[in-house]
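> The following block contains the structure, expressed as structure tokens.
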Amino acid sequence: MSTPATPVSPPLKDELDIVIPTIRNLDFLEMWRPFFEQYHLIIVQDGDPTKTINVPAGFDYELYNRNDINRILGPKASCISFKDSACRCFGFLVSKKKYIFTIDDDCFVAKDPTGKEINALSQHIQNLLTPSTPFFFNTLYDPYRDGADFVRGYPFSMREGAPTAVSHGLWLNIPDYDAPTQLVKPLERNTRYVDAVLTIPKGTLFPMCGMNLGFNRELIGPAMYFGLMGDGQPIGRYDDMWAGWCTKVITDHLGLGVKTGLPYIWHSKASNPFVNLKKEYKGIYWQEEIIPFFQSVVLSKESTTVQKCYIELSKMVKEKLGPIDPYFVKLSEAMVTWIEAWDEINSPSSKSAPAAAVDASASSKKK
Amino acid sequence: MAAAQKPTPLLKDELDIVIPTIRNLDFLEMWRPFFEQYHLIIVQDGDPSKVIKVPEGFDYELYNRNDINRILGPKASCISFKDSACRCFGYMVSKKKYIYTIDDDCFVAKDPSGNDINALEQHIKNLLSPSTPLFFNTLYDPYRDGADFVRGYPFSLREGVPTAVSHGLWLNIPDYDAPTQLVKPRERNTRYVDAVLTIPKGTIFPMCGMNLGFNRDLIGPAMYFGLMGDGQPIGRYDDMWAGWCTKVICDHLNLGVKTGLPYIWHSKASNPFVNLKKEYKGIYWQEDIIPFFQNLTIPKECTTVQQCYLELAKLVKEKLSTIDPYFTKLADAMVTWIEAWDELNPSADVAKVAAK
């Protein structure tokens with residue numbers, strides 16, 4: 001494929017928001033500056049709202065702390081987690097853009113095997129702008145990449161693919177392991193660069209990690225609810241997992257695709273495995289029942305929008321998972337609250353409503 | 001995983017290398033360091049009066065069409081002629097637990113560091129470690145050094161399932177169908193993807209036979225490469241057919257299929273015009289065949305590969321024969337294949353005694 005001789009405007013510059021949850025600082029943005037600077041950021045500040053989070057100069061952003069979340073959502077704010085990066089989904093909700101890229105504040109720019117810095121954002125965009133192939137496995141992985149194609153035996157009627165809803169990136173250095181694995185293998189680092197993007201086949205669930213994730217908000221946004229985690233909740237570190245399972249059954253139902261693989265980021269911080277175990281341990285048991293639940297979910301034909309699918313899912317969660325623990329009843333209700341909030345904030349009449357503390361000064365001239 | 005890597009077992013007395021050929025076996029010279037210790041089964045296609053020279057030093061058995069006819073009698077009708085599909089005769093007569101099959105235009109590839117890739121060793125690694133078809137692991141094969149299951153992967157699924165098939169890939173000439181070859185004659189696969197992954201349960205894939213390993217004990221009878229070539233309306237769908245049958249049976253029996261490493265270097269691009277002639281019916285037919293495989297269910301009572309396969313043959317005759325009478329013939333050939341397999345591979349220890 002040819003590349004342009006002169007630089008062009010970053011792709012989707014006005015159609016994509018970068019959502020970053022943070023409780024500490026945003027120093028990591030300095031390293032991402034060449035790749036992110038032209039995009040609008042939505043910062044979701046977790047924890048103490050009186051703390052001031054410094055955003056490096058030159059970025060165009062809006063920032064929301066807990067007070068903003070409470071103000072904007074009112075009673076519905078109960079569905080947004082506190083003291084957990086799950087709060088990031090508030091950023092998905094208030095965004096006005098078609099695409100979202102979300103990244104954790106301990107994720108840095110990785111290098112590919114040639115030593116070149118990886119522009120993770122542009123790879124996600126590439127993934128989102130090309131079709132997926134969920135209906136049949138292509139052994140040469142993503143057939144829409146340069147130098148690849150569908151292989152012999154791939155049905156021709158399926159070669160248009162399906163629209164891509166999600167682009168799930170990976171991590172070099174600290175891999176995304178659960179607490180038991182972290183405890184058993186504290187030294188393991190992911191050093192293997194796998195040069196592939198592939199579609200996760202229809203009917204197959206996967207563990208979706210939220211630290212390097214892109215999605216088409218118009219296609220799948222309402223499914224990206226990161227659940228009830230953190231403060232006052234019996235579980236943590238299952239926010240992205242929950243969103244991933246819900247998202248996958250809905251994308252399967254609606255004929256949309258989920259890709260995984262490139263791009264890699266460099267994950268620098270290993271969270272404390274003892275703390276993680278405390279957060280996760282209920283999930284370790286619960287997921288043994290949650291997974292079969294999701295694997296056997298059948299959404300009705302009448303559920304033709306993401307919201308309808310999600311509401312239907314919430315009913316099933318209450319009915320089938322409620323018996324495991326009252327938490328799931330709460331969660332199913334929060335799922336409904338989330339959809340109500342989503343529709344309210346994203347209804348046509350509210351499109352122009354100003355959201356929150358937008359930093360007017362150092363920002364908007366970048367356009 | 002532990003810092004010291006355990007050496008991969010050679011399995012030299014448990015694995016046969018099956019090679020179909022119509023030309024010569026010169027390519028074996030390049031593979032000598034990796035293959036020399038193993039027993040080869042050469043299936044000579046085409047003119048049986050031609051003499052195929054096997055390079056010095058290899059331990060082998062060779063079968064031409066006369067041998068196939070002699071050994072199988074009337075059942076030889078299920079073995080294709082003038083098509084590399086005949087290779088499955090080699091699977092049938094093997095007495096080993098594992099098979100590796102490779103085409104005679106496939107050579108040793110190099111990895112990105114420039115090292116020669118021992119494809120056979122990688123296939124053995126793949127076959128000796130479990131698969132994970134029930135849930136997708138985003139770091140690919142969790143049993144590889146330096147990898148593991150990721151957060152969110154259910155613990156009860158971490159034992160995995162036995163691996164039945166190891167499907168390798170190809171650098172240089174990619175395995176494209178005729179239309180794609182015609183449209184993109186210059187495309188070469190230069191991307192080395194350092195991954196082995198399990199193809200999830202419920203997902204079908206296009207299985208290429210040119211760099212393929214499998215556990216014959218677990219899945220052998222499903223590896224029938226169909227009726228292709230001489231006297232048949234279709235070609236270049238042999239491995240595809242075997243792959244679709246194999247995958248639905250693996251899914252039913254809770255066995256795993258891996259794809260990815262190892263790479264071989266595929267040197268020869270077959271003639272796309274010839275390929276189009278062979279494939280073109282398949283291009284239409286597969287539009288019906290794929291939904292057939294995607295929607296079929298094998299009854300619980302089918303607990304062996306043979307039982308599953310015979311059930312499949314029934315379904316093929318019932319559902320696909322309306323497409324073309326070829327499928328009736330194929331269904332019958334599938335039954336013949338199982339009969340021949342069971343005859344040559346009786347389950348008792350008798351089989352060991354009867355070895356050549």
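Following the order of the structure tokens, first chain is A, next is B, and so on, with residues numbered from 1 inside each chain and ligands from 1 in the order they appear.
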So that I can see what lies close to region 298-305 of chain A, please list as a ChimeraX atom specification the residues with an atom at most 12 Å from it, counting only C-alpha atoms and leaving out residues fewer than 5 positions away in the same chain.

/A:203,218-223,246,248-256,293,310-316,339

> Go ahead and save the picked residues with N, CA, C and O atoms, as a short mmCIF file (atom, residue, chain, number, x, y, z; two decimals), in the first residue's frame.


data_model
loop_
_atom_site.label_atom_id
_atom_site.label_comp_id
_atom_site.auth_asym_id
_atom_site.auth_seq_id
_atom_site.Cartn_x
_atom_site.Cartn_y
_atom_site.Cartn_z
N GLY A 203 -19.21 -16.49 18.78
CA GLY A 203 -19.48 -17.60 19.68
C GLY A 203 -18.37 -17.87 20.69
O GLY A 203 -18.50 -18.74 21.54
N GLU A 218 -20.41 4.35 18.35
CA GLU A 218 -21.73 4.31 17.73
C GLU A 218 -22.23 2.89 17.56
O GLU A 218 -23.41 2.62 17.66
N LEU A 219 -21.31 1.98 17.32
CA LEU A 219 -21.72 0.60 17.11
C LEU A 219 -21.99 -0.13 18.41
O LEU A 219 -22.87 -0.99 18.46
N ILE A 220 -21.21 0.16 19.48
CA ILE A 220 -21.23 -0.71 20.65
C ILE A 220 -21.16 0.03 21.99
O ILE A 220 -21.25 -0.59 23.04
N GLY A 221 -21.06 1.35 21.94
CA GLY A 221 -20.86 2.14 23.16
C GLY A 221 -21.66 1.72 24.38
O GLY A 221 -21.09 1.52 25.46
N PRO A 222 -23.00 1.60 24.23
CA PRO A 222 -23.79 1.30 25.43
C PRO A 222 -23.44 -0.03 26.10
O PRO A 222 -23.79 -0.25 27.26
N ALA A 223 -22.76 -0.90 25.41
CA ALA A 223 -22.39 -2.18 26.03
C ALA A 223 -21.13 -2.06 26.87
O ALA A 223 -20.79 -2.94 27.65
N CYS A 246 -20.16 -8.92 28.14
CA CYS A 246 -21.40 -8.34 27.64
C CYS A 246 -21.23 -7.89 26.19
O CYS A 246 -22.07 -8.15 25.33
N LYS A 248 -19.13 -8.88 23.95
CA LYS A 248 -18.95 -9.94 22.95
C LYS A 248 -20.26 -10.63 22.60
O LYS A 248 -20.52 -10.92 21.43
N VAL A 249 -21.10 -10.91 23.59
CA VAL A 249 -22.35 -11.59 23.23
C VAL A 249 -23.23 -10.65 22.40
O VAL A 249 -23.96 -11.10 21.50
N ILE A 250 -23.12 -9.36 22.65
CA ILE A 250 -23.92 -8.42 21.87
C ILE A 250 -23.35 -8.25 20.46
O ILE A 250 -24.10 -8.24 19.47
N THR A 251 -22.05 -8.15 20.33
CA THR A 251 -21.49 -8.04 18.98
C THR A 251 -21.77 -9.31 18.18
O THR A 251 -22.07 -9.25 16.99
N ASP A 252 -21.72 -10.47 18.83
CA ASP A 252 -22.05 -11.71 18.12
C ASP A 252 -23.49 -11.67 17.63
O ASP A 252 -23.79 -12.06 16.51
N HIS A 253 -24.36 -11.17 18.51
CA HIS A 253 -25.78 -11.12 18.16
C HIS A 253 -26.06 -10.15 17.02
O HIS A 253 -26.88 -10.41 16.14
N LEU A 254 -25.34 -9.03 17.02
CA LEU A 254 -25.61 -7.98 16.04
C LEU A 254 -24.73 -8.09 14.79
O LEU A 254 -24.78 -7.23 13.91
N GLY A 255 -23.92 -9.14 14.71
CA GLY A 255 -23.10 -9.31 13.51
C GLY A 255 -21.94 -8.33 13.42
O GLY A 255 -21.56 -7.90 12.33
N LEU A 256 -21.38 -7.94 14.56
CA LEU A 256 -20.24 -7.04 14.58
C LEU A 256 -18.98 -7.80 14.97
O LEU A 256 -19.07 -8.91 15.51
N PHE A 293 -22.76 -18.87 31.97
CA PHE A 293 -23.92 -18.01 31.75
C PHE A 293 -23.80 -17.26 30.43
O PHE A 293 -24.68 -17.32 29.57
N TYR A 310 -28.70 -4.93 25.74
CA TYR A 310 -28.12 -4.75 27.07
C TYR A 310 -29.18 -4.86 28.15
O TYR A 310 -28.96 -5.47 29.20
N ILE A 311 -30.34 -4.28 27.88
CA ILE A 311 -31.43 -4.38 28.87
C ILE A 311 -31.85 -5.84 29.02
O ILE A 311 -32.09 -6.32 30.13
N GLU A 312 -31.95 -6.53 27.89
CA GLU A 312 -32.31 -7.94 27.94
C GLU A 312 -31.27 -8.72 28.76
O GLU A 312 -31.61 -9.57 29.59
N LEU A 313 -30.01 -8.40 28.53
CA LEU A 313 -28.92 -9.05 29.26
C LEU A 313 -29.06 -8.78 30.76
O LEU A 313 -28.90 -9.69 31.59
N SER A 314 -29.41 -7.56 31.11
CA SER A 314 -29.50 -7.22 32.53
C SER A 314 -30.60 -8.04 33.21
O SER A 314 -30.47 -8.44 34.37
N LYS A 315 -31.67 -8.30 32.48
CA LYS A 315 -32.74 -9.13 33.04
C LYS A 315 -32.23 -10.54 33.29
O LYS A 315 -32.49 -11.15 34.33
N MET A 316 -31.46 -11.06 32.31
CA MET A 316 -30.93 -12.41 32.45
C MET A 316 -29.93 -12.47 33.60
O MET A 316 -29.89 -13.46 34.34
N ILE A 339 -27.88 2.33 31.09
CA ILE A 339 -28.53 2.54 29.79
C ILE A 339 -29.43 3.77 29.84
O ILE A 339 -29.47 4.57 28.90
#

> For chain B, report every residue with an atom at most 6 Å from chain A (counting only C-alpha atoms), formatted as a ChimeraX atom specification.

/B:135-136,150-152,175-177,193-194,204-206

> In region 132-355 of chain B, what's alpha helix (DSSP H) per DSSP? Answer as a PyMOL selection string?

chain B and resi 178-183+216-219+238-253+272-295+305-320+326-344+350-353

> Give me, please, the distance in Å between CA of Ile235 (chain A) and CA of Glu62 (chain A), quoted to one decimal.

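Those two atoms sit 29.0 Å apart.
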
> Mind pulling up the distance from CA of Met92 (chain B) to CA of Lys75 (chain B)?

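Spanning CA of Lys75 (chain B) to CA of Met92 (chain B) is a straight-line distance of 12.3 Å.
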
> I want to know what sits within 12 Å of Phe292 (chain B), based on only C-alpha atoms, with residues of the same chain fewer than 5 positions away left out; could you give that as a compact mmCIF listing (two decimals) with C-alpha atoms, in the first residue's frame?


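Saved as result14.txt:
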# COMPACT_ATOMS: atom_id res chain seq x y z
CA ILE B 204 -14.39 -23.77 11.30
CA TRP B 244 -14.04 -29.25 8.11
CA CYS B 245 -14.80 -32.85 9.07
CA VAL B 248 -16.55 -30.62 13.84
CA TRP B 285 -20.25 -25.53 -3.51
CA GLN B 286 -18.48 -24.28 -0.42
CA GLU B 287 -21.17 -21.65 -0.02
CA THR B 297 -24.72 -31.60 15.32
CA LEU B 312 -21.06 -37.23 9.10
CA LEU B 315 -25.47 -36.20 6.89
CA VAL B 316 -23.41 -35.45 3.80
CA LYS B 317 -25.48 -37.85 1.72
CA GLU B 318 -28.70 -36.47 3.14
CA LYS B 319 -27.98 -32.76 3.03
CA LEU B 320 -25.37 -32.19 0.31
CA SER B 321 -26.33 -34.65 -2.40
CA ILE B 323 -26.15 -29.92 -4.60

> Among region 28-134 of chain B, which residues carry a DSSP assignment of strand (DSSP E), reported as a list in words?

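For region 28-134 of chain B, the strand (DSSP E) set is His39, Leu40, Ile41, Ile42, Val43, Gln44, Asp59, Tyr60, Glu61, Leu62, Tyr63, Tyr98, Ile99, Tyr100, Thr101, Ile102, Cys106, Phe107 and Val108 of chain B.
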
> Filtering to N, CA, C and O atoms, could you give me those residues as a PDB file, in the first residue's frame?


ATOM      1  N   HIS B  39      10.877 -42.055  10.345  1.00  0.00           N
ATOM      2  CA  HIS B  39      10.423 -42.949   9.299  1.00  0.00           C
ATOM      3  C   HIS B  39       9.501 -42.179   8.351  1.00  0.00           C
ATOM      4  O   HIS B  39       8.630 -41.446   8.805  1.00  0.00           O
ATOM      5  N   LEU B  40       9.757 -42.371   7.047  1.00  0.00           N
ATOM      6  CA  LEU B  40       8.941 -41.677   6.052  1.00  0.00           C
ATOM      7  C   LEU B  40       7.956 -42.646   5.396  1.00  0.00           C
ATOM      8  O   LEU B  40       8.282 -43.815   5.176  1.00  0.00           O
ATOM      9  N   ILE B  41       6.797 -42.156   5.087  1.00  0.00           N
ATOM     10  CA  ILE B  41       5.865 -42.899   4.246  1.00  0.00           C
ATOM     11  C   ILE B  41       5.641 -42.058   3.001  1.00  0.00           C
ATOM     12  O   ILE B  41       5.045 -40.978   3.063  1.00  0.00           O
ATOM     13  N   ILE B  42       6.154 -42.567   1.879  1.00  0.00           N
ATOM     14  CA  ILE B  42       6.013 -41.840   0.623  1.00  0.00           C
ATOM     15  C   ILE B  42       4.814 -42.405  -0.129  1.00  0.00           C
ATOM     16  O   ILE B  42       4.706 -43.629  -0.307  1.00  0.00           O
ATOM     17  N   VAL B  43       3.918 -41.527  -0.531  1.00  0.00           N
ATOM     18  CA  VAL B  43       2.793 -41.969  -1.343  1.00  0.00           C
ATOM     19  C   VAL B  43       3.012 -41.423  -2.753  1.00  0.00           C
ATOM     20  O   VAL B  43       2.926 -40.226  -2.995  1.00  0.00           O
ATOM     21  N   GLN B  44       3.332 -42.334  -3.650  1.00  0.00           N
ATOM     22  CA  GLN B  44       3.654 -41.910  -5.006  1.00  0.00           C
ATOM     23  C   GLN B  44       2.393 -41.851  -5.854  1.00  0.00           C
ATOM     24  O   GLN B  44       1.729 -42.860  -6.091  1.00  0.00           O
ATOM     25  N   ASP B  59      14.957 -43.658   6.143  1.00  0.00           N
ATOM     26  CA  ASP B  59      14.228 -44.902   6.362  1.00  0.00           C
ATOM     27  C   ASP B  59      12.789 -44.685   5.898  1.00  0.00           C
ATOM     28  O   ASP B  59      12.099 -43.794   6.392  1.00  0.00           O
ATOM     29  N   TYR B  60      12.342 -45.475   4.936  1.00  0.00           N
ATOM     30  CA  TYR B  60      11.027 -45.165   4.371  1.00  0.00           C
ATOM     31  C   TYR B  60      10.300 -46.392   3.866  1.00  0.00           C
ATOM     32  O   TYR B  60      10.881 -47.446   3.650  1.00  0.00           O
ATOM     33  N   GLU B  61       8.987 -46.210   3.683  1.00  0.00           N
ATOM     34  CA  GLU B  61       8.204 -47.152   2.888  1.00  0.00           C
ATOM     35  C   GLU B  61       7.540 -46.324   1.789  1.00  0.00           C
ATOM     36  O   GLU B  61       7.176 -45.171   2.004  1.00  0.00           O
ATOM     37  N   LEU B  62       7.443 -46.912   0.616  1.00  0.00           N
ATOM     38  CA  LEU B  62       6.882 -46.185  -0.513  1.00  0.00           C
ATOM     39  C   LEU B  62       5.740 -46.962  -1.121  1.00  0.00           C
ATOM     40  O   LEU B  62       5.830 -48.181  -1.309  1.00  0.00           O
ATOM     41  N   TYR B  63       4.650 -46.261  -1.396  1.00  0.00           N
ATOM     42  CA  TYR B  63       3.486 -46.892  -2.011  1.00  0.00           C
ATOM     43  C   TYR B  63       3.141 -46.158  -3.294  1.00  0.00           C
ATOM     44  O   TYR B  63       2.994 -44.939  -3.297  1.00  0.00           O
ATOM     45  N   TYR B  98       1.666 -40.438  15.827  1.00  0.00           N
ATOM     46  CA  TYR B  98       1.625 -39.076  15.293  1.00  0.00           C
ATOM     47  C   TYR B  98       1.983 -39.086  13.812  1.00  0.00           C
ATOM     48  O   TYR B  98       2.774 -39.905  13.348  1.00  0.00           O
ATOM     49  N   ILE B  99       1.405 -38.159  13.095  1.00  0.00           N
ATOM     50  CA  ILE B  99       1.730 -37.977  11.676  1.00  0.00           C
ATOM     51  C   ILE B  99       2.170 -36.545  11.452  1.00  0.00           C
ATOM     52  O   ILE B  99       1.590 -35.608  12.014  1.00  0.00           O
ATOM     53  N   TYR B 100       3.193 -36.390  10.610  1.00  0.00           N
ATOM     54  CA  TYR B 100       3.494 -35.070  10.085  1.00  0.00           C
ATOM     55  C   TYR B 100       3.455 -35.209   8.576  1.00  0.00           C
ATOM     56  O   TYR B 100       4.042 -36.135   8.010  1.00  0.00           O
ATOM     57  N   THR B 101       2.699 -34.336   7.916  1.00  0.00           N
ATOM     58  CA  THR B 101       2.665 -34.397   6.463  1.00  0.00           C
ATOM     59  C   THR B 101       3.130 -33.074   5.868  1.00  0.00           C
ATOM     60  O   THR B 101       2.825 -31.999   6.408  1.00  0.00           O
ATOM     61  N   ILE B 102       3.873 -33.169   4.780  1.00  0.00           N
ATOM     62  CA  ILE B 102       4.468 -31.986   4.170  1.00  0.00           C
ATOM     63  C   ILE B 102       4.507 -32.187   2.656  1.00  0.00           C
ATOM     64  O   ILE B 102       4.627 -33.316   2.172  1.00  0.00           O
ATOM     65  N   CYS B 106       7.901 -27.711  -0.189  1.00  0.00           N
ATOM     66  CA  CYS B 106       8.005 -26.959   1.066  1.00  0.00           C
ATOM     67  C   CYS B 106       9.387 -27.146   1.660  1.00  0.00           C
ATOM     68  O   CYS B 106       9.820 -28.286   1.880  1.00  0.00           O
ATOM     69  N   PHE B 107      10.050 -26.045   1.933  1.00  0.00           N
ATOM     70  CA  PHE B 107      11.430 -26.095   2.380  1.00  0.00           C
ATOM     71  C   PHE B 107      11.569 -25.486   3.763  1.00  0.00           C
ATOM     72  O   PHE B 107      10.613 -24.973   4.336  1.00  0.00           O
ATOM     73  N   VAL B 108      12.785 -25.555   4.286  1.00  0.00           N
ATOM     74  CA  VAL B 108      13.049 -25.021   5.613  1.00  0.00           C
ATOM     75  C   VAL B 108      13.013 -23.498   5.546  1.00  0.00           C
ATOM     76  O   VAL B 108      13.674 -22.887   4.708  1.00  0.00           O
TER      77      VAL B 108
END

> Of the candidates B:Val257, B:Val165, B:Leu157, B:Ile249, which one gets nearest to Gln307 (chain B) if we count only C-alpha atoms?

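Of B:Val257, B:Val165, B:Leu157, B:Ile249, the one nearest Gln307 (chain B), counting only C-alpha atoms, is B:Ile249.
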
> Need to verify the contact set: Tyr144 (chain A), 10 Å, only C-alpha atoms, exclusion of same-chain residues closer than 6 positions in sequence. Can you return it as a compact mmCIF listing (two decimals) with C-alpha atoms, in the first residue's frame?


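Wrote around.txt, looks like this:
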# COMPACT_ATOMS: atom_id res chain seq x y z
CA GLN A 126 -6.67 0.93 11.34
CA ASN A 127 -8.28 -2.01 13.12
CA THR A 130 -11.28 -2.25 8.45
CA PRO A 131 -13.75 -5.11 8.67
CA SER A 132 -13.59 -8.10 11.00
CA THR A 133 -14.03 -11.73 10.06
CA PHE A 150 -8.08 -14.59 2.72
CA ARG A 159 -15.05 -11.83 2.43
CA GLU A 160 -16.75 -8.50 3.00
CA GLY A 161 -16.45 -9.18 6.68
CA VAL A 197 -4.36 -8.70 14.34

> I'd like to know which of A:Ile103, A:Ala334, A:Leu121, A:Ala270 is closest to Gln38 (chain A), using only C-alpha atoms.

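The closest residue to Gln38 (chain A) is A:Leu121.
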
> Can you tell me, as an mmCIF file with N, CA and C atoms, in the first residue's frame, what residues are no more than 9 Å from region 124-129 of chain B when counting only C-alpha atoms, ignoring any on the same chain fewer than 5 positions away?


data_model
loop_
_atom_site.group_PDB
_atom_site.id
_atom_site.type_symbol
_atom_site.label_atom_id
_atom_site.label_comp_id
_atom_site.auth_asym_id
_atom_site.auth_seq_id
_atom_site.Cartn_x
_atom_site.Cartn_y
_atom_site.Cartn_z
ATOM 1 N N THR B 8 12.537 -30.827 23.680
ATOM 2 C CA THR B 8 11.350 -31.454 23.107
ATOM 3 C C THR B 8 11.654 -32.909 22.800
ATOM 4 N N PRO B 9 10.782 -33.824 23.212
ATOM 5 C CA PRO B 9 11.014 -35.236 22.874
ATOM 6 C C PRO B 9 11.062 -35.416 21.365
ATOM 7 N N LEU B 10 11.922 -36.320 20.915
ATOM 8 C CA LEU B 10 12.044 -36.525 19.486
ATOM 9 C C LEU B 10 10.842 -37.259 18.910
ATOM 10 N N LEU B 11 10.280 -38.179 19.687
ATOM 11 C CA LEU B 11 9.188 -39.055 19.242
ATOM 12 C C LEU B 11 9.584 -39.820 17.983
ATOM 13 N N TYR B 98 1.666 -40.438 15.827
ATOM 14 C CA TYR B 98 1.625 -39.076 15.293
ATOM 15 C C TYR B 98 1.983 -39.086 13.812
ATOM 16 N N TYR B 100 3.193 -36.390 10.610
ATOM 17 C CA TYR B 100 3.494 -35.070 10.085
ATOM 18 C C TYR B 100 3.455 -35.209 8.576
ATOM 19 N N ALA B 119 10.545 -27.290 11.717
ATOM 20 C CA ALA B 119 9.089 -27.300 11.738
ATOM 21 C C ALA B 119 8.553 -28.509 12.481
ATOM 22 N N TYR B 143 0.688 -22.227 27.033
ATOM 23 C CA TYR B 143 1.664 -23.243 27.439
ATOM 24 C C TYR B 143 3.047 -22.968 26.879
ATOM 25 N N ARG B 144 3.175 -21.930 26.077
ATOM 26 C CA ARG B 144 4.500 -21.575 25.559
ATOM 27 C C ARG B 144 5.306 -20.886 26.643
ATOM 28 N N GLY B 160 -6.884 -27.230 29.869
ATOM 29 C CA GLY B 160 -6.978 -27.366 28.426
ATOM 30 C C GLY B 160 -7.494 -28.739 28.030
ATOM 31 N N VAL B 161 -7.443 -29.011 26.734
ATOM 32 C CA VAL B 161 -7.879 -30.309 26.215
ATOM 33 C C VAL B 161 -6.746 -30.883 25.366
ATOM 34 N N PRO B 162 -6.783 -32.194 25.102
ATOM 35 C CA PRO B 162 -5.710 -32.780 24.285
ATOM 36 C C PRO B 162 -5.710 -32.180 22.887
ATOM 37 N N THR B 163 -4.518 -31.988 22.352
ATOM 38 C CA THR B 163 -4.378 -31.416 21.016
ATOM 39 C C THR B 163 -4.388 -32.513 19.957
ATOM 40 N N ALA B 164 -5.312 -32.383 19.034
ATOM 41 C CA ALA B 164 -5.421 -33.380 17.972
ATOM 42 C C ALA B 164 -4.674 -32.961 16.708
ATOM 43 N N VAL B 165 -4.662 -31.651 16.429
ATOM 44 C CA VAL B 165 -4.107 -31.170 15.160
ATOM 45 C C VAL B 165 -3.206 -29.972 15.386
ATOM 46 N N SER B 166 -2.102 -29.943 14.632
ATOM 47 C CA SER B 166 -1.207 -28.790 14.639
ATOM 48 C C SER B 166 -1.065 -28.309 13.187
ATOM 49 N N VAL B 196 1.261 -19.410 18.388
ATOM 50 C CA VAL B 196 0.497 -20.630 18.202
ATOM 51 C C VAL B 196 -0.808 -20.349 18.919
ATOM 52 N N GLY B 213 0.454 -31.412 11.229
ATOM 53 C CA GLY B 213 0.716 -32.523 12.132
ATOM 54 C C GLY B 213 -0.565 -32.929 12.833
ATOM 55 N N PHE B 214 -0.665 -34.186 13.176
ATOM 56 C CA PHE B 214 -1.826 -34.580 13.973
ATOM 57 C C PHE B 214 -1.550 -35.841 14.769
ATOM 58 N N ASN B 215 -2.370 -36.013 15.778
ATOM 59 C CA ASN B 215 -2.310 -37.191 16.626
ATOM 60 C C ASN B 215 -3.232 -38.233 16.005
ATOM 61 N N LYS B 258 -4.717 -26.563 16.853
ATOM 62 C CA LYS B 258 -3.867 -25.372 16.938
ATOM 63 C C LYS B 258 -3.461 -24.916 15.538
ATOM 64 N N THR B 259 -3.212 -23.625 15.412
ATOM 65 C CA THR B 259 -2.698 -23.094 14.159
ATOM 66 C C THR B 259 -1.651 -22.038 14.460
ATOM 67 N N LEU B 261 2.576 -21.186 14.273
ATOM 68 C CA LEU B 261 3.893 -21.809 14.070
ATOM 69 C C LEU B 261 3.703 -23.313 13.988
#

> For Gly231 (chain B), which residue among B:Ser77, B:Asn69, B:Thr328, B:Thr21 is the nearest when counting only C-alpha atoms?

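Using only C-alpha atoms, Gly231 (chain B) sits closest to B:Ser77.
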
> Excluding Val274 (chain B) and any residue of its chain fewer than 4 positions from it, enumerate the residues within 12 Å of it, using only C-alpha atoms, and give them as a ChimeraX atom specification.

/B:177-179,181-182,229,234-236,269-270,278-280

> Compile the contact shell of Asp105 (chain B) as an NGL selection string: residues with an atom at most 8 Å away, counting only C-alpha atoms, same-chain residues fewer than 3 positions apart removed.

:B and (27 or 266-268)

> Create the file for the chosen residues now, containing all heavy atoms and written as a compact mmCIF listing (two decimals), in the first residue's frame.


# COMPACT_ATOMS: atom_id res chain seq x y z
N PHE B 27 13.64 -32.23 -2.28
CA PHE B 27 13.47 -31.27 -1.18
C PHE B 27 13.91 -31.86 0.16
O PHE B 27 14.23 -31.12 1.10
CB PHE B 27 12.01 -30.79 -1.12
CG PHE B 27 11.08 -31.68 -0.35
CD1 PHE B 27 10.43 -31.20 0.76
CD2 PHE B 27 10.85 -33.01 -0.73
CE1 PHE B 27 9.54 -32.00 1.49
CE2 PHE B 27 9.99 -33.82 -0.02
CZ PHE B 27 9.33 -33.31 1.10
N HIS B 266 7.34 -22.00 1.39
CA HIS B 266 6.64 -22.59 0.26
C HIS B 266 7.19 -21.99 -1.02
O HIS B 266 7.06 -20.79 -1.27
CB HIS B 266 5.13 -22.31 0.38
CG HIS B 266 4.32 -22.99 -0.67
ND1 HIS B 266 3.16 -22.47 -1.17
CD2 HIS B 266 4.49 -24.18 -1.31
CE1 HIS B 266 2.65 -23.30 -2.08
NE2 HIS B 266 3.45 -24.34 -2.17
N SER B 267 7.80 -22.88 -1.82
CA SER B 267 8.58 -22.34 -2.94
C SER B 267 7.83 -22.26 -4.25
O SER B 267 8.15 -21.44 -5.10
CB SER B 267 9.81 -23.23 -3.17
OG SER B 267 9.39 -24.51 -3.61
N LYS B 268 6.85 -23.11 -4.43
CA LYS B 268 6.23 -23.19 -5.76
C LYS B 268 4.81 -22.64 -5.79
O LYS B 268 3.95 -23.10 -5.05
CB LYS B 268 6.20 -24.65 -6.23
CG LYS B 268 6.86 -24.87 -7.57
CD LYS B 268 6.89 -26.35 -7.95
CE LYS B 268 5.51 -26.97 -8.11
NZ LYS B 268 4.69 -26.40 -9.20

> Quick check, in Å to one decimal: how far apart do CA of Val305 (chain B) and CA of Gly256 (chain B) lie?

13.8 Å
